[in-house]
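Chemist: Starting off with a structure, shown below.
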Amino acid sequence: MKRVFSGVKPTGHLTLGNYLGAMRQWAAVDQHRADALFCVVDLHALTVHHDPARVRRLSRQTATLLLAAGLDPQLCTLFVQSHVDEHARLSYLLECVATDGEMRRMIQYKEKAARERERGGSVRLSLLTYPVLMAADILAYGTDEVPVGDDQAQHVELTRDLALRFNQRYGQTFVVPRATHPPVAARVMNLQEPTSKMGKSEDFGPGIVYLLDEPDVVRKKVMRAVTDSGREVVYDREGRPGVANLLEILAACTGGNPEELAVVYQSYGDLKKDTAEAVVEVLRPVQVRHQELCADPVYVEGVLREGAEKARAMARPVVDAAYRAIGLLPPV
Ligand code: TYM
């Protein structure tokens, strides 16, 4: 059976982008076809300016929403990154394989470092080494596939490079993973700024649909989405990014295809109305289940405790093998 690993960073409220680009696929497909692990990557949330209480709160909320989205602890392993020491242990070894040039070339590093500087802050060293920790997350479990949105493709590519380099230098230790992406909505764009990703770490904005937004809020955000000056509904990601984004969201929510849907609509208004309703319907069951789970925090804690135990048992032998391979003396 294939091993699948993926993660979500608790840096903000989860968005429709997280759901359509990743979580929905994990619940509907990955946990059924593979030995799957899903992780709330809280250590990654410390790479930019953060509020400790907020990170704790968002970690709990993220885990709860992953369950609400359909992850089933009978089928997969759900846990919190900082509960399994192996991630940090392996990350250090991989820092001894990665180069600083490689890190500085990462698109997300460049964007996030620029944002931190703009805000007048300094850039944490952990932001630079972020992709190494992510590689450790993946490699510690002998992962074959990493289901993610498009924005994580470069990080998974780097993970592959590090695994290959380590294996070549120190002997076969890691499985070399590959990224998988959903067929549509691998990059959901901000409704107000359709050339930028709909990201949870951005400031609250009318262009971001959050998983816990009330139906009327969702409707308002979708109806106010920026479209283009044209009038015809055509699917053209470059030329008509706003309309293309709506078509992709609608396609992802209804199981359709954006090109085919473009032919069906005569006006932007109708497209927006149907997209809004489709999003409301997709989010409804997640919100209902989230409400139920919030009433049972002990259950969620139990899932995370068991998940961490299972994850630790899987990661330990892989990371121990890497320690030996790289030349560290086994403990006596
Ligand atoms: P994060 O927390 O930003 O996002 C979680 C998942 O949601 C996807 N995603 C999107 N997909 C489509 N459209 C969007 N607008 C959108 N926004 C987010 C992301 O691609 C991701 O799959 N670095 C990772 C977390 C991570 C990780 C890992 C992932 C840490 N270690 C190991 C996989 C394996 C991140 O920040 O994802």
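Residue numbering restarts at 1 for every chain of the structure tokens, chains are lettered A, B, ... in their displayed order, and ligands are numbered from 1 as they appear.
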Could you list, with a cut-off of 7 Å and counting only C-alpha atoms, the residues of range 129-226 of chain A near range 75-92 of chain A, each shown with its nearest atom pair and the distance in Å rounded to one decimal, rows sorted by chain and ascending number, as a Markdown table?
Modeler:
```
| residue | atom | partner | partner_atom | distance |
| --- | --- | --- | --- | --- |
| A:Val132 | CA | A:Ser91 | CA | 5.9 |
| A:Leu133 | CA | A:Ser91 | CA | 4.9 |
| A:Ala136 | CA | A:Ser91 | CA | 5.1 |
| A:Asp137 | CA | A:His87 | CA | 5.6 |
| A:Ala140 | CA | A:His87 | CA | 7.0 |
```
Chemist: Keeping only C-alpha atoms, take the residues you just selected and write them out as a short mmCIF file (atom, residue, chain, number, x, y, z; two decimals), in the first residue's frame.
Modeler:
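Output contents, as saved in again_21.cif:
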```
data_model
loop_
_atom_site.label_atom_id
_atom_site.label_comp_id
_atom_site.auth_asym_id
_atom_site.auth_seq_id
_atom_site.Cartn_x
_atom_site.Cartn_y
_atom_site.Cartn_z
CA VAL A 132 13.95 21.48 5.17
CA LEU A 133 11.52 20.87 8.02
CA ALA A 136 11.72 16.04 7.15
CA ASP A 137 7.95 15.76 7.66
CA ALA A 140 10.40 10.58 8.07
#
```
Chemist: If you take only C-alpha atoms and all ligand atoms and a cut-off of 6 Å, which residues of chain A touch ligand 1, and what are their nearest atom pairs and distances in Å to one decimal, in chain and number order, as a tab-separated table?
Modeler:
```
residue	atom	partner	partner_atom_place_in_ligand_line	distance
A:Phe5	CA	ligand 1	34 (C)	5.9
A:Ser6	CA	ligand 1	33 (C)	3.8
A:Gly7	CA	ligand 1	29 (C)	4.0
A:Val8	CA	ligand 1	2 (O)	3.7
A:Lys9	CA	ligand 1	2 (O)	3.7
A:Gly17	CA	ligand 1	14 (C)	3.6
A:Asn18	CA	ligand 1	7 (O)	3.6
A:Gly21	CA	ligand 1	11 (N)	3.4
A:Ala22	CA	ligand 1	22 (O)	4.8
A:Val41	CA	ligand 1	30 (C)	5.6
A:Met134	CA	ligand 1	31 (N)	4.0
A:Asp137	CA	ligand 1	32 (C)	5.4
A:Ile138	CA	ligand 1	32 (C)	5.3
A:Val146	CA	ligand 1	34 (C)	5.9
A:Val148	CA	ligand 1	22 (O)	3.3
A:Gly149	CA	ligand 1	20 (O)	3.1
A:Asp150	CA	ligand 1	20 (O)	5.6
A:Asp151	CA	ligand 1	20 (O)	5.1
A:Gln152	CA	ligand 1	20 (O)	5.0
A:Ala185	CA	ligand 1	12 (C)	5.8
A:Ala186	CA	ligand 1	12 (C)	4.4
A:Arg187	CA	ligand 1	13 (N)	3.5
A:Val188	CA	ligand 1	13 (N)	3.7
A:Met189	CA	ligand 1	15 (N)	5.4
A:Lys197	CA	ligand 1	15 (N)	4.7
A:Met198	CA	ligand 1	15 (N)	4.0
A:Gly199	CA	ligand 1	17 (N)	5.1
```
Chemist: Restricting it to C-alpha atoms, dump the selection as an mmCIF file, in the first residue's frame.
Modeler:
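That gives us again-v3.cif:
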```
data_model
loop_
_atom_site.group_PDB
_atom_site.id
_atom_site.type_symbol
_atom_site.label_atom_id
_atom_site.label_comp_id
_atom_site.auth_asym_id
_atom_site.auth_seq_id
_atom_site.Cartn_x
_atom_site.Cartn_y
_atom_site.Cartn_z
ATOM 1 C CA PHE A 5 1.658 12.331 3.863
ATOM 2 C CA SER A 6 0.388 15.893 3.877
ATOM 3 C CA GLY A 7 0.076 18.823 6.248
ATOM 4 C CA VAL A 8 -1.646 22.096 7.054
ATOM 5 C CA LYS A 9 -0.064 25.026 8.836
ATOM 6 C CA GLY A 17 -8.458 26.996 -1.184
ATOM 7 C CA ASN A 18 -7.197 24.616 1.501
ATOM 8 C CA GLY A 21 -6.871 22.157 -3.193
ATOM 9 C CA ALA A 22 -6.047 19.590 -0.542
ATOM 10 C CA VAL A 41 2.301 21.423 11.194
ATOM 11 C CA MET A 134 8.847 20.161 5.443
ATOM 12 C CA ASP A 137 7.947 15.757 7.659
ATOM 13 C CA ILE A 138 7.652 13.884 4.396
ATOM 14 C CA VAL A 146 2.316 14.128 -1.142
ATOM 15 C CA VAL A 148 -0.955 19.236 -2.113
ATOM 16 C CA GLY A 149 -2.123 22.330 -3.957
ATOM 17 C CA ASP A 150 0.090 23.755 -6.705
ATOM 18 C CA ASP A 151 1.816 26.223 -4.411
ATOM 19 C CA GLN A 152 3.672 23.399 -2.632
ATOM 20 C CA ALA A 185 -8.801 23.864 -8.113
ATOM 21 C CA ALA A 186 -5.149 23.081 -7.451
ATOM 22 C CA ARG A 187 -4.763 26.859 -7.083
ATOM 23 C CA VAL A 188 -7.864 28.706 -5.915
ATOM 24 C CA MET A 189 -7.334 32.438 -6.332
ATOM 25 C CA LYS A 197 -3.597 32.736 -4.266
ATOM 26 C CA MET A 198 -6.452 32.581 -1.761
ATOM 27 C CA GLY A 199 -4.198 32.209 1.280
#
```
Chemist: Check range 42-276 of chain A with DSSP on the backbone and list each residue it calls alpha helix (DSSP H), as an MDAnalysis selection string.
Modeler: chainID A and resid 52:68 86:95 100:104 107:118 125:128 130:139 153:170 215:223 241:254 258:264 268:276
Chemist: With distances taken over only C-alpha atoms, which residue among A:Leu65, A:Ala53, A:Cys96, A:Ala251 lies nearest Leu14 in chain A?
Modeler: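 The answer is A:Leu65, which sits nearest to Leu14 in chain A.
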Chemist: Please build the interface table for range 125-240 of chain A against range 314-332 of chain A with a cut-off of 9 Å, listing for each qualifying residue the nearest atom pair and the distance in Å to one decimal; count only C-alpha atoms, order rows by chain and increasing number, and write it as a Markdown table.
Modeler:
```
| residue | atom | partner | partner_atom | distance |
| --- | --- | --- | --- | --- |
| A:Leu139 | CA | A:Val318 | CA | 8.3 |
| A:Ala140 | CA | A:Ala315 | CA | 5.0 |
| A:Tyr141 | CA | A:Ala315 | CA | 5.3 |
| A:Gly142 | CA | A:Val318 | CA | 7.4 |
| A:Phe166 | CA | A:Ile326 | CA | 8.4 |
| A:Arg169 | CA | A:Ile326 | CA | 8.5 |
| A:Tyr170 | CA | A:Ala325 | CA | 5.5 |
| A:Gly171 | CA | A:Ala325 | CA | 6.8 |
| A:Gln172 | CA | A:Ala325 | CA | 8.7 |
| A:Thr173 | CA | A:Ala322 | CA | 6.3 |
| A:Phe174 | CA | A:Val318 | CA | 7.8 |
```
Chemist: Please, could you write that set of residues out with C-alpha atoms as a CSV table (one decimal), in the first residue's frame?
Modeler:
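The result, stored in part_3.csv:
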```
chain,number,residue,atom,x,y,z
A,139,LEU,CA,10.8,11.8,4.5
A,140,ALA,CA,10.4,10.6,8.1
A,141,TYR,CA,7.5,8.4,7.0
A,142,GLY,CA,8.8,6.8,3.9
A,166,PHE,CA,21.2,11.9,1.1
A,169,ARG,CA,26.0,10.2,-0.2
A,170,TYR,CA,25.1,8.0,2.7
A,171,GLY,CA,23.4,5.0,1.3
A,172,GLN,CA,19.7,4.2,0.5
A,173,THR,CA,17.7,5.6,3.4
A,174,PHE,CA,14.7,7.5,2.1
```
Chemist: Report, in Å to a single decimal, how far apart CA of Arg284 in chain A and CA of Val233 in chain A are.
Modeler: 27.4 Å
Chemist: Please determine, counting only C-alpha atoms, which residue among A:Val280, A:Leu247, A:Val156, A:Val303 has the shortest atom-to-atom distance to Val217 in chain A.
Modeler: A:Val280
Chemist: Write out as a PyMOL selection string all residues of range 105-302 of chain A that backbone DSSP assigns to strand (DSSP E or B).
Modeler: chain A and resi 145-147+178-180+189+197+210
Chemist: Of the candidates A:Thr143, A:Val279, A:Pro182, A:Val300, which shows the shortest atom-to-atom distance to Arg60 in chain A, using only C-alpha atoms?
Modeler: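 The answer is A:Val300, which sits nearest to Arg60 in chain A.
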